[in-house]
file input-v3.cif (mmCIF, C-alpha atoms and all ligand atoms)
data_my_file
loop_
_atom_site.label_atom_id
_atom_site.label_comp_id
_atom_site.auth_asym_id
_atom_site.auth_seq_id
_atom_site.Cartn_x
_atom_site.Cartn_y
_atom_site.Cartn_z
CA MET A 19 -155.38 -33.02 50.73
CA SER A 20 -156.75 -30.08 52.69
CA GLU A 21 -158.46 -27.30 50.80
CA ILE A 22 -156.42 -24.32 49.71
CA ARG A 23 -157.58 -21.17 51.52
CA SER A 24 -154.59 -18.88 51.51
CA ILE A 25 -152.24 -17.95 48.69
CA GLY A 26 -148.85 -16.28 48.81
CA VAL A 27 -147.58 -14.51 45.69
CA ILE A 28 -143.91 -13.68 45.41
CA GLY A 29 -143.01 -10.80 43.13
CA LEU A 30 -145.81 -8.32 42.44
CA GLY A 31 -144.67 -7.18 39.02
CA ALA A 32 -146.68 -7.49 35.80
CA MET A 33 -147.63 -11.12 36.46
CA GLY A 34 -147.61 -11.43 40.24
CA ALA A 35 -149.89 -8.43 40.79
CA GLY A 36 -152.35 -9.88 38.28
CA ILE A 37 -152.25 -13.27 40.01
CA ALA A 38 -152.76 -11.63 43.42
CA GLN A 39 -155.73 -9.72 42.01
CA LEU A 40 -157.28 -12.96 40.74
CA ALA A 41 -156.69 -14.60 44.12
CA VAL A 42 -158.38 -11.88 46.19
CA GLU A 43 -161.29 -11.67 43.75
CA ALA A 44 -161.78 -15.44 44.08
CA GLY A 45 -161.95 -15.13 47.88
CA TYR A 46 -158.48 -16.33 48.90
CA ASP A 47 -156.64 -14.66 51.75
CA THR A 48 -153.61 -13.43 49.85
CA ILE A 49 -150.23 -12.17 50.88
CA GLY A 50 -147.88 -10.66 48.34
CA ARG A 51 -144.15 -10.40 48.88
CA GLU A 52 -142.03 -7.77 47.17
CA VAL A 53 -138.39 -6.80 47.70
CA SER A 54 -139.48 -3.61 49.50
CA VAL A 55 -142.60 -2.43 51.29
CA ASP A 56 -142.84 0.52 48.88
CA LEU A 57 -142.95 -1.80 45.85
CA GLY A 58 -145.50 -4.01 47.61
CA GLU A 59 -147.73 -1.08 48.46
CA ALA A 60 -147.44 0.33 44.95
CA ALA A 61 -148.59 -3.03 43.57
CA ALA A 62 -151.48 -3.18 46.06
CA GLY A 63 -152.45 0.32 44.90
CA ARG A 64 -152.47 -0.82 41.26
CA ILE A 65 -154.61 -3.84 42.14
CA GLY A 66 -157.06 -1.62 44.05
CA GLY A 67 -157.17 0.71 41.03
CA PHE A 68 -157.97 -2.13 38.61
CA LEU A 69 -160.75 -3.34 40.89
CA THR A 70 -162.15 0.21 41.17
CA ARG A 71 -162.27 0.38 37.38
CA LYS A 72 -164.25 -2.88 37.35
CA VAL A 73 -166.77 -1.24 39.71
CA GLU A 74 -166.98 1.81 37.43
CA LYS A 75 -167.64 -0.46 34.46
CA GLY A 76 -170.40 -2.25 36.37
CA LYS A 77 -168.47 -5.54 36.45
CA LEU A 78 -167.99 -5.66 40.22
CA GLU A 79 -170.02 -4.48 43.24
CA GLN A 80 -168.35 -1.84 45.43
CA ALA A 81 -168.75 -4.07 48.51
CA ASP A 82 -167.09 -7.02 46.69
CA ARG A 83 -164.27 -4.74 45.58
CA ASP A 84 -163.70 -3.58 49.15
CA ALA A 85 -163.81 -7.15 50.48
CA ALA A 86 -161.30 -8.26 47.81
CA VAL A 87 -158.92 -5.40 48.65
CA ALA A 88 -159.21 -6.28 52.36
CA ARG A 89 -158.09 -9.85 51.60
CA LEU A 90 -154.73 -8.61 50.26
CA ARG A 91 -151.74 -8.02 52.49
CA VAL A 92 -148.26 -7.09 51.26
CA THR A 93 -144.92 -7.63 52.94
CA ASP A 94 -141.20 -7.61 52.29
CA ASP A 95 -140.67 -10.47 54.74
CA LEU A 96 -140.77 -13.93 53.19
CA SER A 97 -141.50 -15.58 56.54
CA ASP A 98 -144.94 -13.89 56.50
CA LEU A 99 -145.86 -16.49 53.86
CA ALA A 100 -145.13 -19.40 56.21
CA GLY A 101 -148.83 -20.20 56.77
CA CYS A 102 -149.89 -20.16 53.10
CA ASP A 103 -151.44 -23.28 51.57
CA LEU A 104 -150.15 -22.35 48.11
CA VAL A 105 -147.31 -20.04 47.13
CA VAL A 106 -147.03 -18.80 43.54
CA GLU A 107 -143.63 -17.45 42.56
CA ALA A 108 -143.50 -14.69 39.89
CA ILE A 109 -140.02 -13.16 40.30
CA VAL A 110 -137.37 -12.54 37.65
CA GLU A 111 -137.06 -15.22 34.93
CA ALA A 112 -133.71 -16.73 35.96
CA LEU A 113 -132.99 -20.17 37.37
CA GLU A 114 -130.64 -19.29 40.21
CA PRO A 115 -132.83 -16.75 42.04
CA LYS A 116 -135.84 -19.02 41.62
CA GLN A 117 -133.95 -22.01 43.03
CA GLU A 118 -132.69 -19.93 45.98
CA LEU A 119 -136.24 -18.79 46.65
CA PHE A 120 -137.69 -22.32 46.51
CA ALA A 121 -135.02 -23.61 48.89
CA GLU A 122 -135.93 -20.79 51.28
CA LEU A 123 -139.67 -21.46 50.90
CA GLU A 124 -139.12 -25.09 51.74
CA ARG A 125 -137.52 -24.04 55.03
CA LEU A 126 -140.31 -21.59 55.84
CA CYS A 127 -143.53 -23.18 54.63
CA ARG A 128 -145.51 -26.12 55.99
CA PRO A 129 -144.45 -29.47 54.51
CA ASP A 130 -147.84 -29.86 52.83
CA ALA A 131 -147.80 -26.40 51.21
CA ILE A 132 -147.80 -26.35 47.42
CA LEU A 133 -145.06 -24.32 45.76
CA ALA A 134 -145.87 -23.12 42.25
CA THR A 135 -143.78 -21.25 39.70
CA ASN A 136 -145.11 -18.97 36.98
CA THR A 137 -141.97 -19.44 34.87
CA SER A 138 -142.48 -19.13 31.11
CA ALA A 139 -139.44 -20.92 29.79
CA LEU A 140 -137.43 -22.43 32.64
CA SER A 141 -137.68 -26.07 33.65
CA VAL A 142 -140.07 -26.62 36.56
CA THR A 143 -138.17 -29.84 37.27
CA GLU A 144 -134.92 -27.87 37.70
CA ILE A 145 -136.60 -25.32 39.97
CA ALA A 146 -138.11 -28.16 42.05
CA ALA A 147 -134.66 -29.76 42.37
CA ALA A 148 -133.72 -26.98 44.81
CA THR A 149 -136.12 -28.52 47.35
CA THR A 150 -136.29 -31.90 49.05
CA ARG A 151 -140.00 -32.20 48.31
CA PRO A 152 -140.28 -31.83 44.53
CA GLU A 153 -143.59 -33.70 44.65
CA ARG A 154 -145.13 -30.48 46.03
CA VAL A 155 -143.72 -28.25 43.27
CA VAL A 156 -145.78 -27.49 40.17
CA GLY A 157 -145.92 -24.97 37.32
CA MET A 158 -148.84 -22.55 37.16
CA HIS A 159 -148.21 -20.60 33.97
CA PHE A 160 -150.53 -17.63 33.65
CA PHE A 161 -150.65 -15.38 30.60
CA ASN A 162 -150.24 -11.62 30.47
CA PRO A 163 -152.35 -9.81 31.60
CA ALA A 164 -153.29 -12.51 34.10
CA PRO A 165 -156.66 -11.05 35.12
CA LEU A 166 -157.81 -10.97 31.47
CA MET A 167 -156.19 -13.92 29.72
CA PRO A 168 -158.35 -17.01 30.31
CA LEU A 169 -155.66 -19.73 30.24
CA VAL A 170 -153.46 -21.23 32.92
CA GLU A 171 -151.14 -24.12 32.06
CA VAL A 172 -150.70 -26.43 35.04
CA VAL A 173 -147.34 -28.06 34.58
CA GLN A 174 -146.43 -31.44 36.00
CA ALA A 175 -142.67 -31.68 36.52
CA GLU A 176 -140.73 -34.94 36.66
CA LEU A 177 -141.51 -35.57 40.33
CA THR A 178 -144.72 -33.56 40.88
CA SER A 179 -147.37 -35.71 42.55
CA PRO A 180 -150.77 -36.10 40.85
CA GLU A 181 -152.39 -34.67 44.03
CA THR A 182 -150.34 -31.49 43.66
CA VAL A 183 -151.36 -31.15 40.01
CA ASP A 184 -155.02 -31.67 40.96
CA ALA A 185 -154.82 -29.06 43.71
CA ALA A 186 -153.17 -26.49 41.41
CA ALA A 187 -155.74 -27.20 38.69
CA ALA A 188 -158.57 -26.74 41.21
CA VAL A 189 -157.16 -23.35 42.20
CA GLY A 190 -156.85 -22.39 38.52
CA GLU A 191 -160.52 -23.23 38.03
CA LYS A 192 -161.54 -21.30 41.14
CA LEU A 193 -159.66 -18.31 39.73
CA GLY A 194 -161.98 -18.60 36.73
CA LYS A 195 -159.35 -19.89 34.32
CA VAL A 196 -159.40 -22.48 31.58
CA VAL A 197 -156.91 -25.04 32.89
CA VAL A 198 -154.74 -27.05 30.52
CA ARG A 199 -152.56 -29.66 32.18
CA CYS A 200 -149.29 -30.55 30.55
CA PHE A 201 -145.89 -32.05 31.28
CA ASP A 202 -142.74 -30.02 31.85
CA THR A 203 -141.32 -29.42 28.41
CA PRO A 204 -139.63 -26.23 27.12
CA GLY A 205 -142.31 -23.62 26.40
CA PHE A 206 -145.05 -25.92 27.73
CA VAL A 207 -147.90 -25.79 25.18
CA VAL A 208 -148.60 -22.23 24.06
CA ASN A 209 -145.09 -20.77 23.96
CA ARG A 210 -143.70 -23.94 22.35
CA VAL A 211 -145.98 -23.20 19.41
CA LEU A 212 -146.25 -19.41 19.52
CA ILE A 213 -142.63 -18.33 19.94
CA PRO A 214 -141.21 -20.01 16.81
CA LEU A 215 -144.31 -18.88 14.92
CA LEU A 216 -143.74 -15.24 15.92
CA ASN A 217 -140.07 -15.56 15.01
CA ASP A 218 -141.10 -16.84 11.56
CA CYS A 219 -143.40 -13.84 11.22
CA ILE A 220 -140.54 -11.46 12.02
CA ARG A 221 -138.27 -13.19 9.47
CA VAL A 222 -141.02 -12.85 6.85
CA LEU A 223 -140.95 -9.06 7.32
CA ASP A 224 -137.55 -8.97 5.60
CA GLU A 225 -137.95 -11.99 3.33
CA ALA A 226 -141.26 -10.89 1.80
CA ARG A 227 -140.36 -7.20 2.17
CA VAL A 228 -143.59 -6.27 3.91
CA THR A 229 -144.21 -3.61 6.54
CA PRO A 230 -145.34 -4.52 10.08
CA GLU A 231 -148.75 -3.04 9.18
CA ALA A 232 -149.01 -5.27 6.09
CA LEU A 233 -147.87 -8.41 7.93
CA ASP A 234 -150.34 -7.75 10.75
CA ALA A 235 -153.15 -7.18 8.25
CA ALA A 236 -152.21 -10.41 6.43
CA MET A 237 -152.27 -12.54 9.57
CA ARG A 238 -155.48 -10.97 10.88
CA ASN A 239 -157.37 -11.27 7.63
CA GLY A 240 -155.82 -14.41 6.16
CA ALA A 241 -155.27 -16.52 9.25
CA GLY A 242 -157.97 -15.09 11.50
CA TRP A 243 -155.52 -13.95 14.19
CA PRO A 244 -157.25 -11.54 16.59
CA MET A 245 -154.09 -9.42 16.70
CA GLY A 246 -151.22 -9.17 14.21
CA PRO A 247 -147.83 -10.64 15.20
CA CYS A 248 -145.98 -7.29 15.32
CA THR A 249 -148.69 -5.78 17.52
CA LEU A 250 -148.52 -8.85 19.74
CA VAL A 251 -144.73 -8.80 20.13
CA ASP A 252 -144.87 -5.06 20.90
CA LEU A 253 -147.46 -5.80 23.58
CA VAL A 254 -145.54 -8.73 25.10
CA GLY A 255 -142.32 -6.69 25.08
CA ILE A 256 -139.48 -7.17 22.58
CA ASP A 257 -137.08 -7.96 25.45
CA VAL A 258 -139.45 -10.56 26.96
CA HIS A 259 -139.90 -12.22 23.56
CA VAL A 260 -136.14 -12.29 22.83
CA HIS A 261 -135.44 -13.75 26.28
CA ALA A 262 -138.06 -16.49 25.88
CA SER A 263 -136.81 -17.28 22.34
CA GLU A 264 -133.24 -17.59 23.56
CA ALA A 265 -134.31 -19.84 26.43
CA LEU A 266 -136.24 -22.15 24.10
CA TYR A 267 -133.43 -22.18 21.54
CA GLU A 268 -130.92 -23.07 24.23
CA LYS A 269 -133.03 -26.06 25.23
CA LEU A 270 -134.40 -27.30 21.91
CA ARG A 271 -131.70 -26.18 19.44
CA GLU A 272 -134.29 -25.69 16.71
CA PRO A 273 -133.27 -22.76 14.47
CA ARG A 274 -136.85 -21.42 14.38
CA MET A 275 -136.68 -20.87 18.15
CA ALA A 276 -133.71 -18.48 17.87
CA PRO A 277 -134.65 -14.78 17.91
CA PRO A 278 -134.12 -13.20 14.47
CA PRO A 279 -131.21 -10.67 14.40
CA ARG A 280 -133.65 -7.84 13.63
CA ILE A 281 -135.47 -8.22 16.92
CA VAL A 282 -132.27 -8.75 18.92
CA ALA A 283 -131.01 -5.43 17.54
CA MET A 284 -134.31 -3.78 18.50
CA LYS A 285 -133.94 -5.11 22.04
CA ASN A 286 -130.34 -3.86 22.29
CA ALA A 287 -131.44 -0.44 20.98
CA GLY A 288 -134.12 -0.15 23.66
CA LEU A 289 -136.99 -0.47 21.17
CA LEU A 290 -138.99 -2.68 23.51
CA GLY A 291 -142.50 -2.15 22.15
CA ARG A 292 -145.40 -0.58 23.99
CA LYS A 293 -143.56 -0.26 27.30
CA SER A 294 -140.74 1.90 25.86
CA GLY A 295 -143.01 3.82 23.45
CA ARG A 296 -141.42 2.35 20.32
CA GLY A 297 -141.13 -1.14 18.85
CA PHE A 298 -142.50 -2.20 15.48
CA TYR A 299 -144.93 0.68 16.03
CA SER A 300 -144.75 4.03 17.85
CA TYR A 301 -146.92 4.67 20.90
CA ASP A 302 -147.67 8.09 22.36
N1 LIG B 401 -144.58 -10.85 31.44
C1 LIG B 401 -145.12 -11.89 30.82
O1 LIG B 401 -145.65 -11.79 29.72
C2 LIG B 401 -145.11 -13.24 31.49
C3 LIG B 401 -146.09 -14.17 31.14
C4 LIG B 401 -146.11 -15.41 31.80
C5 LIG B 401 -145.14 -15.70 32.75
N2 LIG B 401 -144.18 -14.77 33.05
C6 LIG B 401 -143.19 -15.11 34.07
O2 LIG B 401 -143.58 -14.52 35.30
C7 LIG B 401 -142.41 -14.19 36.07
C8 LIG B 401 -142.47 -12.71 36.41
O3 LIG B 401 -142.51 -11.95 35.22
P1 LIG B 401 -143.02 -10.44 35.19
O4 LIG B 401 -143.18 -10.07 33.77
O5 LIG B 401 -144.13 -10.25 36.15
O6 LIG B 401 -141.72 -9.70 35.77
P2 LIG B 401 -141.64 -8.26 36.47
O7 LIG B 401 -140.23 -7.81 36.28
O8 LIG B 401 -142.76 -7.37 36.00
O9 LIG B 401 -141.91 -8.57 38.01
C9 LIG B 401 -141.04 -9.28 38.82
C10 LIG B 401 -141.19 -8.69 40.23
O10 LIG B 401 -140.55 -9.56 41.17
C11 LIG B 401 -139.93 -8.77 42.15
N3 LIG B 401 -138.93 -9.61 42.78
C12 LIG B 401 -137.74 -10.00 42.30
N4 LIG B 401 -137.12 -10.84 43.18
C13 LIG B 401 -137.98 -10.99 44.22
C14 LIG B 401 -137.97 -11.74 45.44
N5 LIG B 401 -136.93 -12.52 45.75
N6 LIG B 401 -139.03 -11.65 46.25
C15 LIG B 401 -140.08 -10.87 45.95
N7 LIG B 401 -140.16 -10.16 44.81
C16 LIG B 401 -139.13 -10.22 43.96
C17 LIG B 401 -139.42 -7.55 41.42
O11 LIG B 401 -139.25 -6.46 42.31
C18 LIG B 401 -140.55 -7.31 40.40
O12 LIG B 401 -141.54 -6.42 40.90
C19 LIG B 401 -141.22 -14.62 35.22
O13 LIG B 401 -140.81 -15.90 35.60
C20 LIG B 401 -141.79 -14.60 33.81
O14 LIG B 401 -141.12 -15.45 32.94
C21 LIG B 401 -144.16 -13.53 32.46
#

call {"tool": "encode", "arguments": {"input": "input-v3.cif", "output": "structure tokens", "more": "lines below"}}
Ligand SMILES: NC(=O)c1ccc[n+]([C@@H]2O[C@H](COP(=O)([O-])OP(=O)(O)OC[C@H]3O[C@@H](n4cnc5c(N)ncnc54)[C@H](O)[C@@H]3O)[C@@H](O)[C@H]2O)c1
result
Amino acid sequence: MSEIRSIGVIGLGAMGAGIAQLAVEAGYDTIGREVSVDLGEAAAGRIGGFLTRKVEKGKLEQADRDAAVARLRVTDDLSDLAGCDLVVEAIVEALEPKQELFAELERLCRPDAILATNTSALSVTEIAAATTRPERVVGMHFFNPAPLMPLVEVVQAELTSPETVDAAAAVGEKLGKVVVRCFDTPGFVVNRVLIPLLNDCIRVLDEARVTPEALDAAMRNGAGWPMGPCTLVDLVGIDVHVHASEALYEKLREPRMAPPPRIVAMKNAGLLGRKSGRGFYSYD
């Protein structure tokens, strides 16, 4: 298998922009695709800003920052990704748009290109089914924020070839990540464990009649968690957590996976955590 030199990232939102930043910092020629040039340029501006802050903190040389920024191109035209060795998809978490995109990528990209999805809770096997070369489709599940969280789960779907898994794992390592390989199962490794656990924590709020502050203090000081569960769910986004819980519940039918009514009501009320200014806590 030829070495991966260029990476395409589709969707430059919270995750895709972080993945593109990692790619340019690691020396890959990177092209990001957004639905409009304005959104693409805004994301490139954010990436440049993050890299500038690294320079200010003494974590990156100015010349390396400039070289990294120069390696990033953004476009609204999917066919600009035709020459990429690896494409990482980070668009909306829904099966149909992802399948449409993978079918389109198969038409555009070289037959030996690797197509990766950053899905959190969808089946990589089902996404790969939209192509005629599922052996080249793999999961690369980064964590939010991608530039800071050390883990990437490299997910082998039903028909992914071992060579594709190896190539994706090698890229993960070159991006400076801890790579954990796993098979395609709902929630992969971390979310399979973490989502029901967080849902239990939220149920305990009402059952044990404790405040979010008290629950967070209990889990930090009694279980050694670096961050309390309510703080974590606020950071992840109440809507993102509810969506992932529902997706896992739909697949596994385990009651612990289902989002507790309290958090569903918060989502419906627009109390989304840090991003909306109010969740379990208030943010100014
Ligand atoms: N946010 C998280 O904590 C997290 C963590 C791990 C994985 N993920 C997964 O990553 C993916 C993206 O999540 P996110 O939080 O970055 O979402 P987001 O809403 O922040 O970003 C998605 C971006 O994709 C763009 N987009 C949509 N359709 C597109 C298309 N066809 N082509 C190009 N761009 C398109 C949107 O304009 C948007 O900017 C999802 O599959 C999600 O499950 C999210």

call {"tool": "residues_near_ligand", "arguments": {"input": "input-v3.cif", "ligand": "ligand LIG 401 (chain B)", "cutoff": "7 Å", "atoms": "all atoms listed in the file", "output": "NGL selection string"}}
result
:A and (28-34 or 51-53 or 57 or 108-111 or 115 or 119 or 136-139 or 159-162 or 254 or 258)

call {"tool": "atom_distance", "arguments": {"input": "input-v3.cif", "atom1": "atom CA of A:Val228", "atom2": "atom CA of A:Cys248"}}
result
11.7 Å

call {"tool": "residues_around", "arguments": {"input": "input-v3.cif", "residues": "stretch 202-209 of chain A", "least_positions_apart": "5", "cutoff": "9 Å", "atoms": "all atoms listed in the file", "output": "PyMOL selection string"}}
result
chain A and resi 138-143+157+159+171+173-176+214+262+265-266+269-270

call {"tool": "axis_aligned_box", "arguments": {"input": "input-v3.cif", "around": "stretch 137-146 of chain A", "padding_each_side": "4 Å", "output": "JSON"}}
result
{"center_x": -138.7, "center_y": -24.5, "center_z": 35.9, "size_x": 15.6, "size_y": 18.7, "size_z": 20.3}

call {"tool": "closest_residue", "arguments": {"input": "input-v3.cif", "among": "A:Gly58, A:Gly26, A:Pro273, A:Pro247", "to": "A:Tyr46", "atoms": "all atoms listed in the file"}}
result
A:Gly26

call {"tool": "closest_residue", "arguments": {"input": "input-v3.cif", "among": "A:Thr178, A:Ala188, A:Lys75, A:Pro168", "to": "A:Thr150", "atoms": "only C-alpha atoms"}}
result
A:Thr178

call {"tool": "atom_distance", "arguments": {"input": "input-v3.cif", "atom1": "atom CA of A:Glu264", "atom2": "atom CA of A:Gly297"}}
result
18.8 Å

call {"tool": "atom_distance", "arguments": {"input": "input-v3.cif", "atom1": "atom CA of A:Gly45", "atom2": "atom CA of A:Ser24"}}
result
9.0 Å

call {"tool": "residues_near_point", "arguments": {"input": "input-v3.cif", "point": "(-157.8, -9.7, 50.8)", "cutoff": "12 Å", "atoms": "all atoms listed in the file", "output": "PyMOL selection string"}}
result
chain A and resi 23-26+38-50+62+65-66+82-92

call {"tool": "closest_residue", "arguments": {"input": "input-v3.cif", "among": "A:Leu193, A:Leu133, A:Ile281, A:Ala236", "to": "A:Lys116", "atoms": "only C-alpha atoms"}}
result
A:Leu133

call {"tool": "residues_near_point", "arguments": {"input": "input-v3.cif", "point": "(-137.6, -2.1, 23.6)", "cutoff": "12 Å", "atoms": "all atoms listed in the file", "output": "JSON, numbers by chain"}}
result
{"A": [251, 252, 253, 254, 255, 256, 257, 258, 259, 260, 281, 282, 283, 284, 285, 286, 287, 288, 289, 290, 291, 292, 293, 294, 295, 296, 297, 298, 299, 300, 301]}

call {"tool": "write_last_selection", "arguments": {"input": "input-v3.cif", "atoms": "C-alpha atoms", "output": "tab-separated table (two decimals), keeping the file's coordinate frame"}}
result
chain	number	residue	atom	x	y	z
A	251	VAL	CA	-144.73	-8.80	20.13
A	252	ASP	CA	-144.87	-5.06	20.90
A	253	LEU	CA	-147.46	-5.80	23.58
A	254	VAL	CA	-145.54	-8.73	25.10
A	255	GLY	CA	-142.32	-6.69	25.08
A	256	ILE	CA	-139.48	-7.17	22.58
A	257	ASP	CA	-137.08	-7.96	25.45
A	258	VAL	CA	-139.45	-10.56	26.96
A	259	HIS	CA	-139.90	-12.22	23.56
A	260	VAL	CA	-136.14	-12.29	22.83
A	281	ILE	CA	-135.47	-8.22	16.92
A	282	VAL	CA	-132.27	-8.75	18.92
A	283	ALA	CA	-131.01	-5.43	17.54
A	284	MET	CA	-134.31	-3.78	18.50
A	285	LYS	CA	-133.94	-5.11	22.04
A	286	ASN	CA	-130.34	-3.86	22.29
A	287	ALA	CA	-131.44	-0.44	20.98
A	288	GLY	CA	-134.12	-0.15	23.66
A	289	LEU	CA	-136.99	-0.47	21.17
A	290	LEU	CA	-138.99	-2.68	23.51
A	291	GLY	CA	-142.50	-2.15	22.15
A	292	ARG	CA	-145.40	-0.58	23.99
A	293	LYS	CA	-143.56	-0.26	27.30
A	294	SER	CA	-140.74	1.90	25.86
A	295	GLY	CA	-143.01	3.82	23.45
A	296	ARG	CA	-141.42	2.35	20.32
A	297	GLY	CA	-141.13	-1.14	18.85
A	298	PHE	CA	-142.50	-2.20	15.48
A	299	TYR	CA	-144.93	0.68	16.03
A	300	SER	CA	-144.75	4.03	17.85
A	301	TYR	CA	-146.92	4.67	20.90

call {"tool": "closest_residue", "arguments": {"input": "input-v3.cif", "among": "A:Asp218, A:Ile132, A:Lys72, A:Ala164", "to": "A:Asp184", "atoms": "all atoms listed in the file"}}
result
A:Ile132

call {"tool": "residues_around", "arguments": {"input": "input-v3.cif", "residues": "A:Val196", "least_positions_apart": "3", "cutoff": "7 Å", "atoms": "all atoms listed in the file", "output": "PDB file with C-alpha atoms, keeping the file's coordinate frame"}}
result
ATOM      1  CA  PRO A 168    -158.350 -17.010  30.310  1.00  0.00           C
ATOM      2  CA  LEU A 169    -155.660 -19.730  30.240  1.00  0.00           C
ATOM      3  CA  VAL A 170    -153.460 -21.230  32.920  1.00  0.00           C
ATOM      4  CA  GLU A 191    -160.520 -23.230  38.030  1.00  0.00           C
TER       5      GLU A 191
END

call {"tool": "closest_residue", "arguments": {"input": "input-v3.cif", "among": "A:Arg238, A:His261, A:Arg154, A:Lys77", "to": "A:Ile213", "atoms": "all atoms listed in the file"}}
result
A:His261
